[in-house]
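What follows is one structure encoded as structure tokens, with my remarks underneath.
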Amino acid sequence: MTDFAVVGDEFLLDGEPVRLLSGALHYFRVHEEQWEHRLSMLRAMGLNCVETYVPWNLHEPRPGALRDVGALGRFLDAVGRAGLLAIVRPGPYICAEWENGGLPAWVTGRFGRRVRTRDAEYGAEVERWFGELLPQVVRRQVGRGGPVVMVQVENEYGSYGSDGVHLEWLADLLRRSGVTVPLFTSDGPEDHMLTGGSVPGVLATANFGSGAREAFGVVRRHRPAGPLMCMEFWCGWFVHWGAEPVVRDAAETAGALREILECGASVNVYMAQGGTNFAGWAGANRAGELHDGALSATVTSYDYDAPVDEYGRATEKFWRMREVLAGYADGPLPGLPPEPVGLREPVRVALTGGAPLAGVLEVLGDPETAESGVAPTFEELGVDRGLVRYRVAVPGPRQPYPLGVTGLRDRAVVYVDGVRAGVLTEEDHTLEEPVAGPAGVELWVESLGRVNYGPRLGEPKGVTGGVLHERQFLHGIRARALRLDAFDEPGAVGRVPFGAPGEVGPTGLFRGSFDLADAAGTDHAGMELPGWTRGFVWVNGFCLGRYWSVGPHRPLYVPGPVLREGANEVWVLELEGAGDLFVELGPGAPVGQGAPGGVASG
């Protein structure tokens with residue numbers, strides 16, 4: 001029986017001091033059939049441990065509708081087979097640049113400001129969810145022959161609140177649920193963050209990207225004893241749509257890692273491999289020092305400028321960090337697994353069928369609501385990812401006045417009497433041309449991702465204020481949702497009445513097919529959508545995520561396991577302006593193209 005413990009200033013594994021050399025790899029951002037290869041890459045880099053978050057909203061998108069909770073257990077089993085230890089960060093809040101910080105939209109919609117506090121009703125939902133999740137962790141703890149050596153209490157709580165009662169309750173819940181390995185918290189190395197986020201008797205760790213000696217000095221002011229660990233060593237950063245990418249120098253990153261290890265500390269490289277925000281699960285941030293400014297949505301790629309890139313390949317940063325880690329290894333580092341092979345021959349996929357967005361909504365959408373005085377939010381409609389069509393009338397006769405939306409989150413394509421009138425955002429929320437009455441108005445509103453960090457966590461999506469004509473609110477609004485996961489239902493897209501794509505117009509669902517002769521030997525591909533504006537794309541029913549012409553992210557990553565020998569199918573859901581009626585598949589981005597940039601930590 002193996003034992004892992006915190007004793008004095010050290011971690012002990014079976015009574016012997018051990019330094020945790022960990023790397024973050026999120027099972028939900030990597031296709032399951034590629035886990036083994038990516039874990040082998042971490043071992044080859046010189047790591048002995050892997051860390052993962054757990055997104056509640058992925059596994060319970062609607063109350064009681066559990067979805068593959070066992071994926072965490074299968075991942076931990078793969079970690080064990082790879083000869084690695086494991087750190088699990090179950091939340092319930094995780095940040096992670098993930099939609100809503102991992103909290104289900106139905107939870108934040110119901111509890112609002114009460115989430116992440118001692119609120120009894122919120123706590124009851126967390127306890128129920130942990131009852132489903134934690135058995136996957138408990139039976140894979142190191143004392144039971146599994147790889148799990150530590151479990152986190154909440155996540156970066158000191159960046160959000162100071163409810164010590166809530167944190168102590170969560171720590172107790174983990175213990176009552178059977179977690180016997182050491183617990184820990186992780187926060188920025190600042191006094192107010194460590195004061196707000198630490199729990200008496202629970203190991204406190206720090207998150208930072210440089211300045212290890214100074215950071216650990218702050219930790220020691222709060223915790224004179226205990227192992228030092230950087231739980232998130234930010235070796236790169238994430239990217240926002242429309243922002244300039246920022247790449248961290250490989251040599252500088254390796255030097256910052258060396259400083260951590262010279263302090264005698266353990267480390268978790270965030271991210272060792274980033275992966276991909278498939279299926280529209282990318283989060284968003286608010287700009288500004290207090291994270292309450294304009295919305296910046298996170299791109300589909302979570303490459304993170306990590307040492308192992310989105311495609312599973314070693315970058316220059318990998319080799320520089322490997323040199324540092326080799327000096328702390330017990331023996332020679334293992335060799336690398338075979339490099340992933342991209343699609344050998346480029347493929348142009350003609351989109352031969354199309355259906356207008358209204359027709360797709362008619363088949364796949366929820367029933368339209370009855371008229372109401374105010375527009376229901378996405379949360380009130382039970383929608384996490386997707387879009388909602390709002391319909392309202394401008395009474396008449398009346399002269400032309402400005403028409404706009406208050407509290408628009410996040411982006412709306414607006415039609416007046418069936419004619420496209422413009423695209424509105426939270427900041428640019430009034431149509432350029434005034435509207436006369438009577439008129440019928442449609443607003444197709446899309447969420448670009450819920451905030452995952454800061455005080456605006458959990459804010460609702462959709463029309464959260466109202467539709468204004470001059471200063472007058474327009475009432476009698478109907479709403480109809482098109483959920484992104486409606487496309488996942490078997491046979492659903494087959495019910496859509498496709499016609500000639502050239503007759504569809506600028507928005508709609510388009511499809512095409514292509515053949516592959518050597519899919520079995522292909523680890524990945526990259527997809528380009530020339531001239532297309534914004535939407536989502538699927539290959540063989542697997543949602544690759546959002547594309548958007550504002551960049552900088554392209555191409556979209558296509559996991560090889562979703563490709564088939566023989567016939568393959570592509571769906572493109574365009575929400576703003578269709579391009580050429582084809583998409584292109586190729587070998588993917590060059591090694592090291594990943595580009596971090598953003599405003600908040602992991």
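Naming scheme: A, B, ... for chains in displayed order of the structure tokens; residues 1 onward per chain; ligands 1 onward as shown.
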
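For Ile87 in chain A, the list of residues within 8 Å, based on only C-alpha atoms and with local chain neighbours fewer than 5 positions off taken out, reads Cys49, Val50, Glu51, Thr52, Val148, Val149, Met150, Val151 and Gln152 of chain A.
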
Who sits within 8 Å of Cys95 in chain A, only C-alpha atoms, same chain under 2 positions skipped, as a count of residues only: 10

Among the residues of range 14-245 of chain A, find those DSSP assigns to strand (DSSP E) from the backbone and print them as a PyMOL selection string. chain A and resi 16-18+21-25+49-53+85-89+148-152+183-187+203-208+229-234

Residues within 6 Å of range 104-113 of chain A, please, as a list in words. Count only C-alpha atoms; anything in the same chain fewer than 4 positions from it doesn't count. Asn57, Glu379, Asp384 and Gly458 of chain A

Skipping near chain neighbours, those fewer than 2 positions away, what residues fall within 9 Å of Val363 in chain A using only C-alpha atoms, listed as a short mmCIF file (atom, residue, chain, number, x, y, z; two decimals) with C-alpha atoms, in the first residue's frame?
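Dumped everything to out-v6.cif:
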```cif
data_model
loop_
_atom_site.label_atom_id
_atom_site.label_comp_id
_atom_site.auth_asym_id
_atom_site.auth_seq_id
_atom_site.Cartn_x
_atom_site.Cartn_y
_atom_site.Cartn_z
CA ALA A 358 -34.78 29.77 -39.66
CA GLY A 359 -35.30 26.30 -41.12
CA VAL A 360 -32.67 24.83 -38.80
CA LEU A 361 -34.36 26.50 -35.84
CA GLY A 365 -34.88 24.50 -31.85
CA ASP A 366 -36.81 24.49 -28.59
CA ALA A 492 -31.08 15.33 -35.60
CA VAL A 493 -29.24 17.01 -38.47
CA ARG A 495 -34.12 15.90 -40.25
CA VAL A 496 -33.04 19.33 -41.50
CA PRO A 497 -34.42 19.99 -45.04
#
```
